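J.: This is final_36.txt, which holds compact mmCIF, C-alpha atoms and all ligand atoms:
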```
# COMPACT_ATOMS: atom_id res chain seq x y z
CA MET R 656 -15.98 -32.04 24.60
CA SER R 657 -13.33 -31.48 21.96
CA ASP R 658 -9.60 -30.97 22.55
CA ARG R 659 -9.34 -28.91 19.35
CA VAL R 660 -11.68 -25.93 19.65
CA MET R 661 -11.17 -23.05 17.22
CA ILE R 662 -12.83 -19.68 17.76
CA VAL R 663 -13.36 -17.67 14.58
CA THR R 664 -14.47 -14.13 15.39
CA GLY R 665 -16.61 -12.76 12.58
CA GLY R 666 -17.10 -16.30 11.31
CA SER R 667 -20.51 -15.67 9.77
CA ARG R 668 -19.35 -14.11 6.49
CA GLY R 669 -16.36 -13.53 4.21
CA ILE R 670 -12.90 -14.71 5.25
CA GLY R 671 -14.16 -15.84 8.68
CA ALA R 672 -16.87 -18.05 7.17
CA ALA R 673 -14.37 -19.62 4.76
CA THR R 674 -11.99 -20.23 7.67
CA ALA R 675 -14.74 -21.82 9.77
CA ARG R 676 -15.71 -24.17 6.92
CA LEU R 677 -12.12 -25.32 6.31
CA ALA R 678 -11.57 -25.69 10.06
CA GLY R 679 -14.67 -27.85 10.41
CA ALA R 680 -13.43 -30.10 7.61
CA ALA R 681 -10.00 -30.28 9.28
CA GLY R 682 -11.52 -31.66 12.48
CA TYR R 683 -11.69 -28.59 14.69
CA ALA R 684 -14.79 -27.98 16.80
CA VAL R 685 -15.55 -24.51 15.47
CA LEU R 686 -17.13 -21.67 17.40
CA VAL R 687 -18.59 -19.32 14.79
CA ASN R 688 -18.88 -15.85 16.30
CA TYR R 689 -21.00 -13.13 14.70
CA ALA R 690 -22.08 -9.61 15.57
CA ALA R 691 -25.58 -9.35 14.08
CA ASN R 692 -26.16 -11.84 11.28
CA ALA R 693 -27.39 -14.91 13.18
CA GLU R 694 -28.78 -16.43 10.01
CA ALA R 695 -25.41 -16.36 8.21
CA ALA R 696 -23.62 -17.77 11.26
CA GLY R 697 -26.23 -20.51 11.60
CA ALA R 698 -25.82 -21.44 7.94
CA VAL R 699 -22.02 -21.79 8.32
CA ALA R 700 -22.41 -23.98 11.41
CA ALA R 701 -25.11 -26.08 9.74
CA GLU R 702 -22.87 -26.63 6.72
CA ILE R 703 -20.01 -27.81 8.96
CA ARG R 704 -22.31 -30.19 10.85
CA ALA R 705 -23.86 -31.52 7.62
CA ALA R 706 -20.34 -32.44 6.49
CA GLY R 707 -19.81 -34.42 9.73
CA GLY R 708 -18.01 -31.72 11.69
CA GLN R 709 -18.65 -29.93 14.98
CA ALA R 710 -19.76 -26.28 15.17
CA GLU R 711 -21.63 -23.87 17.42
CA THR R 712 -22.51 -20.20 17.00
CA VAL R 713 -22.25 -17.34 19.48
CA ARG R 714 -23.29 -13.71 19.16
CA GLY R 715 -20.80 -11.21 20.49
CA ASP R 716 -19.43 -7.81 19.55
CA VAL R 717 -15.63 -7.86 19.80
CA GLY R 718 -15.89 -4.14 20.56
CA SER R 719 -17.36 -5.12 23.95
CA GLU R 720 -15.28 -6.73 26.69
CA ALA R 721 -18.39 -8.32 28.25
CA ASP R 722 -19.33 -9.87 24.91
CA ILE R 723 -15.78 -11.18 24.46
CA LEU R 724 -15.97 -12.92 27.85
CA GLY R 725 -19.23 -14.50 26.66
CA ILE R 726 -17.59 -15.76 23.48
CA PHE R 727 -14.82 -17.46 25.49
CA GLU R 728 -17.33 -18.96 27.96
CA ALA R 729 -19.11 -20.50 24.98
CA ALA R 730 -15.77 -21.88 23.75
CA ASP R 731 -15.02 -23.32 27.21
CA ARG R 732 -18.29 -25.28 27.02
CA MET R 733 -17.04 -26.90 23.78
CA GLY R 734 -13.70 -28.11 25.15
CA ARG R 735 -10.03 -27.09 25.02
CA LEU R 736 -9.23 -23.95 23.09
CA ALA R 737 -6.56 -24.76 20.50
CA VAL R 738 -6.85 -21.84 18.05
CA LEU R 739 -8.15 -18.28 18.10
CA VAL R 740 -8.64 -16.58 14.75
CA ASN R 741 -8.93 -12.83 15.39
CA ASN R 742 -10.84 -12.18 12.19
CA ALA R 743 -13.71 -9.78 12.97
CA GLY R 744 -12.99 -6.38 11.47
CA VAL R 745 -14.67 -3.31 10.02
CA VAL R 746 -13.91 -0.45 7.64
CA ASP R 747 -15.67 2.90 7.36
CA GLN R 748 -16.61 5.24 4.50
CA PRO R 749 -13.68 6.79 2.63
CA SER R 750 -12.59 9.95 4.43
CA ALA R 751 -9.64 12.26 4.83
CA VAL R 752 -8.03 12.19 8.27
CA ALA R 753 -8.93 15.86 8.62
CA ASP R 754 -12.62 14.90 8.50
CA MET R 755 -12.57 11.94 10.93
CA ASP R 756 -14.42 12.42 14.21
CA LEU R 757 -13.60 10.81 17.54
CA ALA R 758 -16.53 8.37 17.37
CA ARG R 759 -15.24 6.93 14.09
CA LEU R 760 -11.71 6.54 15.42
CA GLU R 761 -12.87 4.94 18.66
CA ARG R 762 -15.03 2.42 16.79
CA MET R 763 -12.22 1.59 14.36
CA PHE R 764 -9.62 0.91 17.05
CA ARG R 765 -12.08 -0.62 19.52
CA ILE R 766 -13.22 -3.35 17.11
CA ASN R 767 -10.12 -3.88 14.96
CA THR R 768 -7.34 -3.47 17.51
CA ILE R 769 -8.57 -3.56 21.11
CA GLY R 770 -11.00 -6.39 20.27
CA SER R 771 -8.11 -8.50 18.98
CA PHE R 772 -6.03 -7.65 22.08
CA LEU R 773 -8.79 -8.69 24.48
CA CYS R 774 -9.59 -11.88 22.57
CA ALA R 775 -5.87 -12.75 22.55
CA ARG R 776 -5.67 -12.02 26.28
CA GLU R 777 -8.48 -14.50 26.94
CA ALA R 778 -6.86 -17.05 24.64
CA VAL R 779 -3.41 -16.75 26.28
CA ARG R 780 -4.99 -17.15 29.73
CA ARG R 781 -6.33 -20.51 28.56
CA MET R 782 -3.45 -21.68 26.31
CA SER R 783 -0.26 -20.62 28.08
CA THR R 784 1.68 -23.49 29.68
CA ALA R 785 2.79 -20.97 32.32
CA ARG R 786 -0.88 -20.63 33.32
CA GLY R 787 -1.79 -24.31 33.30
CA GLY R 788 -2.74 -24.51 29.63
CA GLU R 789 -1.52 -26.89 26.92
CA GLY R 790 -0.45 -24.35 24.29
CA GLY R 791 -2.23 -23.08 21.22
CA VAL R 792 -2.17 -20.73 18.25
CA ILE R 793 -3.50 -17.23 17.64
CA VAL R 794 -3.89 -16.00 14.06
CA ASN R 795 -4.57 -12.29 13.62
CA LEU R 796 -6.05 -10.61 10.55
CA SER R 797 -3.97 -7.68 9.44
CA SER R 798 -4.27 -6.04 6.01
CA ALA R 799 -2.08 -4.89 3.13
CA ALA R 800 -3.46 -1.48 4.16
CA ALA R 801 -1.07 -1.62 7.14
CA LYS R 802 1.79 -1.18 4.67
CA LEU R 803 0.03 1.09 2.16
CA GLY R 804 -1.49 3.53 4.70
CA SER R 805 -4.68 3.96 2.61
CA PRO R 806 -4.45 7.76 2.16
CA GLY R 807 -7.73 9.53 1.41
CA GLN R 808 -9.65 6.34 2.13
CA PHE R 809 -9.17 4.97 5.62
CA VAL R 810 -5.89 5.81 7.29
CA ASP R 811 -7.68 4.92 10.53
CA TYR R 812 -8.30 1.33 9.38
CA ALA R 813 -4.74 1.00 8.02
CA SER R 814 -3.33 2.23 11.34
CA ALA R 815 -5.53 -0.11 13.36
CA LYS R 816 -4.15 -2.97 11.23
CA GLY R 817 -0.59 -1.65 11.56
CA ALA R 818 -1.05 -2.02 15.29
CA ILE R 819 -2.06 -5.64 14.69
CA ASP R 820 1.27 -6.28 12.96
CA THR R 821 3.19 -4.91 15.95
CA PHE R 822 0.92 -6.76 18.36
CA THR R 823 1.59 -10.03 16.50
CA VAL R 824 5.36 -9.65 16.80
CA GLY R 825 5.29 -8.51 20.43
CA LEU R 826 2.85 -11.09 21.72
CA ALA R 827 4.59 -13.85 19.76
CA LYS R 828 7.85 -13.12 21.58
CA GLU R 829 6.08 -12.73 24.92
CA VAL R 830 4.48 -16.19 24.84
CA ALA R 831 6.91 -18.12 22.61
CA ALA R 832 8.26 -20.11 25.56
CA GLU R 833 4.73 -20.83 26.82
CA GLY R 834 3.57 -23.08 23.97
CA VAL R 835 1.61 -20.34 22.21
CA ARG R 836 2.35 -19.28 18.63
CA VAL R 837 1.04 -15.94 17.34
CA CYS R 838 0.94 -15.23 13.61
CA ALA R 839 -0.97 -13.00 11.21
CA VAL R 840 -2.13 -12.93 7.63
CA ARG R 841 -2.08 -9.70 5.64
CA PRO R 842 -4.75 -10.02 2.91
CA GLY R 843 -4.83 -7.80 -0.15
CA ILE R 844 -8.06 -7.11 -2.05
CA ILE R 845 -10.37 -10.01 -1.24
CA GLU R 846 -13.84 -10.44 -2.64
CA THR R 847 -16.15 -10.12 0.40
CA ASP R 848 -18.93 -7.85 1.70
CA ILE R 849 -16.48 -5.59 3.55
CA HIS R 850 -16.07 -3.21 0.62
CA ALA R 851 -19.81 -2.59 0.34
CA SER R 852 -20.01 -2.15 4.12
CA GLY R 853 -17.52 0.72 3.69
CA GLY R 854 -19.77 2.33 1.08
CA GLN R 855 -17.74 1.09 -1.92
CA PRO R 856 -19.64 -1.86 -3.48
CA ASP R 857 -17.68 -1.50 -6.75
CA ARG R 858 -14.24 -1.26 -5.11
CA VAL R 859 -13.05 -4.74 -6.09
CA ALA R 860 -14.17 -4.40 -9.73
CA THR R 861 -12.67 -0.93 -10.02
CA MET R 862 -9.33 -2.01 -8.59
CA THR R 863 -9.01 -5.35 -10.37
CA PRO R 864 -7.23 -4.07 -13.55
CA ASP R 865 -4.53 -2.48 -11.37
CA LEU R 866 -3.92 -5.51 -9.13
CA PRO R 867 -0.65 -7.35 -9.86
CA MET R 868 -2.50 -10.64 -10.58
CA ARG R 869 -5.37 -8.79 -12.35
CA ARG R 870 -7.82 -10.45 -9.99
CA PRO R 871 -8.90 -10.18 -6.36
CA GLY R 872 -8.30 -13.00 -3.91
CA SER R 873 -11.05 -15.24 -2.60
CA ALA R 874 -11.98 -15.67 1.03
CA GLU R 875 -10.95 -19.31 0.76
CA GLU R 876 -7.45 -18.40 -0.45
CA VAL R 877 -6.95 -16.40 2.75
CA ALA R 878 -8.59 -19.11 4.86
CA ARG R 879 -6.11 -21.71 3.58
CA ALA R 880 -3.22 -19.57 4.81
CA ILE R 881 -4.92 -19.16 8.20
CA LEU R 882 -5.44 -22.92 8.51
CA TRP R 883 -1.80 -23.57 7.63
CA LEU R 884 -0.52 -21.11 10.23
CA ALA R 885 -2.84 -22.70 12.81
CA SER R 886 -1.61 -26.21 12.01
CA ASP R 887 1.38 -28.16 13.29
CA GLU R 888 2.85 -27.80 9.79
CA ALA R 889 3.72 -24.25 10.89
CA SER R 890 5.23 -25.38 14.19
CA TYR R 891 8.31 -23.10 13.96
CA SER R 892 6.42 -20.10 12.57
CA THR R 893 5.61 -17.55 15.22
CA GLY R 894 5.63 -13.79 14.94
CA ALA R 895 5.21 -14.47 11.21
CA ILE R 896 3.03 -12.20 9.11
CA LEU R 897 2.05 -13.87 5.85
CA ASP R 898 1.08 -11.68 2.89
CA VAL R 899 -1.88 -13.16 1.02
CA SER R 900 -2.20 -10.26 -1.34
CA GLY R 901 -1.34 -11.41 -4.86
CA ALA R 902 1.81 -9.25 -4.61
CA ARG R 903 -0.11 -6.10 -3.61
CA ALA R 904 1.85 -4.06 -1.08
CA ILE R 905 4.93 -6.27 -1.37
CA LEU R 906 7.92 -4.07 -0.73
CA PRO R 907 11.09 -4.54 -2.84
P1 LIG F 1 -16.80 -9.08 6.01
O1 LIG F 1 -17.09 -9.87 4.78
O2 LIG F 1 -17.31 -7.68 6.11
O3 LIG F 1 -17.31 -9.92 7.27
C1 LIG F 1 -17.11 -9.38 8.53
C2 LIG F 1 -17.38 -10.42 9.58
O4 LIG F 1 -17.03 -9.86 10.83
C3 LIG F 1 -18.84 -10.81 9.67
O5 LIG F 1 -18.90 -12.16 10.04
C4 LIG F 1 -19.36 -9.90 10.76
O6 LIG F 1 -20.48 -10.44 11.48
C5 LIG F 1 -18.17 -9.83 11.68
N1 LIG F 1 -18.11 -8.64 12.51
C6 LIG F 1 -18.14 -7.34 12.14
N2 LIG F 1 -18.04 -6.53 13.21
C7 LIG F 1 -17.97 -7.36 14.29
C8 LIG F 1 -17.89 -7.13 15.67
N3 LIG F 1 -17.85 -5.90 16.18
N4 LIG F 1 -17.84 -8.21 16.49
C9 LIG F 1 -17.88 -9.47 16.00
N5 LIG F 1 -17.97 -9.73 14.69
C10 LIG F 1 -18.01 -8.69 13.85
O7 LIG F 1 -15.23 -8.98 6.25
P2 LIG F 1 -14.01 -9.76 5.54
O8 LIG F 1 -13.68 -9.05 4.28
O9 LIG F 1 -14.25 -11.21 5.55
O10 LIG F 1 -12.82 -9.37 6.56
C11 LIG F 1 -12.38 -10.24 7.59
C12 LIG F 1 -11.09 -9.69 8.14
O11 LIG F 1 -10.11 -9.58 7.09
C13 LIG F 1 -11.22 -8.28 8.74
O12 LIG F 1 -10.40 -8.17 9.87
C14 LIG F 1 -10.70 -7.39 7.62
O13 LIG F 1 -10.22 -6.16 8.11
C15 LIG F 1 -9.60 -8.26 7.05
N6 LIG F 1 -9.24 -7.92 5.68
C16 LIG F 1 -10.13 -8.02 4.66
C17 LIG F 1 -9.75 -7.67 3.36
C18 LIG F 1 -10.69 -7.73 2.19
O14 LIG F 1 -10.35 -7.23 1.10
N7 LIG F 1 -11.86 -8.34 2.32
C19 LIG F 1 -8.45 -7.21 3.13
C20 LIG F 1 -7.58 -7.12 4.20
C21 LIG F 1 -7.97 -7.48 5.47
P3 LIG F 1 -22.03 -10.25 10.99
O15 LIG F 1 -22.21 -11.21 9.84
O16 LIG F 1 -22.83 -10.61 12.19
O17 LIG F 1 -22.16 -8.83 10.56
```
Could you render the structure as structure tokens?
T.:
Amino acid sequence: MSDRVMIVTGGSRGIGAATARLAGAAGYAVLVNYAANAEAAGAVAAEIRAAGGQAETVRGDVGSEADILGIFEAADRMGRLAVLVNNAGVVDQPSAVADMDLARLERMFRINTIGSFLCAREAVRRMSTARGGEGGVIVNLSSAAAKLGSPGQFVDYASAKGAIDTFTVGLAKEVAAEGVRVCAVRPGIIETDIHASGGQPDRVATMTPDLPMRRPGSAEEVARAILWLASDEASYSTGAILDVSGARAILP
């Protein structure tokens, strides 16, 4: 049993996988959640264990409350939950709002927003000193899209992430006196599979010349920010939303 368990939802690929690897190296017992790709999740956990760390995998769709309860039961078997990284997220094909159907909107908000709410609820129930816990940290994944709005592409996704920003501030204040910090990172254009999953495999290459740093970010660059927010180094940071966007969507 570990007293430093970290759950990374969507830990099998992209930013989640990079976060899980850094967390394993930092001494957390990492629970690598995935939705479908058991092989990728298994490879991340195996890499952590090969480096001397502790890691388990658990399948679970954060769009399902029953699956979320299963993820937290798996974490309970590993020890004391110290950190939740609400990382799992999805985009959809580019579309105008006028062409979005209800099923698309429900999926977008169910996975990206409600999933993060329910995971945070389970984490607070375990971490809050007012509920017998010993404190902890929740790090949410927002997006620069929350500020940009993503017109003509995915206003639904941007809005779901905008809700994450508000959720981060509100929950942070709600549990600040209960030993729980709640922060978020707001990544810009990061090189992962998410762009292809939204039907735009060339999105990063196409956008690169227009990015302020003329390059996308890497999953590890976002993961480092997540690990810092989760650590005691960030002990007075709560309700903080850290842009990791290479100056994309930074307002004057
Ligand atoms: P990604 O490469 O597409 O990986 C997504 C991960 O989430 C995978 O591990 C996937 O599991 C998991 N996942 C997807 N749906 C899930 C569900 N319903 N339940 C549980 N797990 C699920 O994504 P990414 O680019 O690393 O993005 C990670 C987070 O950063 C997301 O919240 C995203 O919105 C945010 N973000 C990304 C960027 C970017 O440019 N990449 C920018 C801003 C914000 P499987 O492997 O099993 O499919």
J.: Please report the interatomic distance between atom CA of Gly788 of chain R and atom CA of Val835 of chain R in Å with one decimal.
T.: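 Distance reported for this atom pair: 9.6 Å.
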J.: Would you kindly identify which residues have an atom no farther than 8 Å from (-18.0, -29.6, 15.5), using all atoms listed in the file and the file's own coordinates, and write them out as a PyMOL selection string?
T.: chain R and resi 679+682-685+703-704+707-711
J.: Those same residues - C-alpha atoms - I'd like them written as a tab-separated table (two decimals), in the coordinates of the input.
T.:
```
chain	number	residue	atom	x	y	z
R	679	GLY	CA	-14.67	-27.85	10.41
R	682	GLY	CA	-11.52	-31.66	12.48
R	683	TYR	CA	-11.69	-28.59	14.69
R	684	ALA	CA	-14.79	-27.98	16.80
R	685	VAL	CA	-15.55	-24.51	15.47
R	703	ILE	CA	-20.01	-27.81	8.96
R	704	ARG	CA	-22.31	-30.19	10.85
R	707	GLY	CA	-19.81	-34.42	9.73
R	708	GLY	CA	-18.01	-31.72	11.69
R	709	GLN	CA	-18.65	-29.93	14.98
R	710	ALA	CA	-19.76	-26.28	15.17
R	711	GLU	CA	-21.63	-23.87	17.42
```
J.: Pick the closest to ligand LIG 1 (chain F) from R:Asn795, R:Thr847, R:Gln748, R:Ser890: which is it, counting all atoms listed in the file?
T.: R:Thr847
J.: Counting all atoms listed in the file, figure out which residue out of R:Pro749, R:Leu736, R:Asp820, R:Gly791 gets nearest to Gly807 of chain R.
T.: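 That would be R:Pro749, the residue with the smallest distance to Gly807 of chain R.
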J.: May I ask which of the residues R:Arg765, R:Arg870, R:Arg776, R:Arg668 is the closest one to ligand LIG 1 (chain F), counting only C-alpha atoms and all ligand atoms?
T.: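 Answer, going by the shortest atom-to-atom distance: R:Arg668.
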J.: Determine the nearest neighbour of Pro871 of chain R from the options R:Gly715, R:Gly665, R:Gly825, R:Pro842, counting all atoms listed in the file.
T.: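 Of all the options, R:Pro842 lies closest to Pro871 of chain R.
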J.: Quick one: residues within 9 Å of segment 895-904 of chain R, all atoms listed in the file counted, chain neighbours fewer than 5 positions away excluded, as a PyMOL selection string?
T.: chain R and resi 795+797-800+802-803+820+823-824+827+837-845+866-872+876-877+880+884
J.: I'd like the neighbourhood of Val779 of chain R as a count of residues only, where a residue qualifies if any of its atoms comes within 12 Å (using all atoms listed in the file), though same-chain residues fewer than 4 positions away should be ignored.
T.: 31
J.: Rank nothing, just name the residue among R:Ala758, R:Val746, R:Met661, R:Ala753 nearest to ligand LIG 1 (chain F), using only C-alpha atoms and all ligand atoms.
T.: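 With only C-alpha atoms and all ligand atoms as the atom set, the closest residue is R:Val746.
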J.: Restricting the calculation to all atoms listed in the file: of R:Ala693, R:Ala818, R:Ala700, R:Leu724, which residue gets closest to ligand LIG 1 (chain F)?
T.: R:Ala693
J.: So that I can check the surroundings of Leu677 of chain R, please list as a ChimeraX atom specification every protein, DNA and RNA residue that reaches within 8 Å of it, counting all atoms listed in the file and ignoring chain neighbours fewer than 2 positions away.
T.: /R:673-675,679-681,878-879,882
J.: Enter the distance from atom CA of Ile766 of chain R to atom CA of Ala743 of chain R, in Å, rounded to one decimal.
T.: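 Between atom CA of Ile766 of chain R and atom CA of Ala743 of chain R the gap is 7.7 Å.
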J.: Just the number, please: distance in Å from atom C9 of ligand LIG 1 (chain F) to atom CA of Trp883 of chain R, one decimal.
T.: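 So the two atoms, atom C9 of ligand LIG 1 (chain F) and atom CA of Trp883 of chain R, lie 23.0 Å apart.
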J.: At most 12 Å from (-7.2, -1.2, 20.8), file frame, all atoms listed in the file: which residues, as an MDAnalysis selection string?
T.: chainID R and resid 717:720 760:775 811:812 814:819 822
J.: For His850 of chain R, please output as a list in words all residues within 12 Å (counting only C-alpha atoms; exclusion window: fewer than 5 positions along the same chain).
T.: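 That gives Gly669, Gly744, Val745, Val746, Asp747, Gln748, Pro749, Gln808, Phe809, Ile844, Ile845, Gln855, Pro856, Asp857, Arg858, Val859, Ala860, Thr861 and Met862 of chain R.
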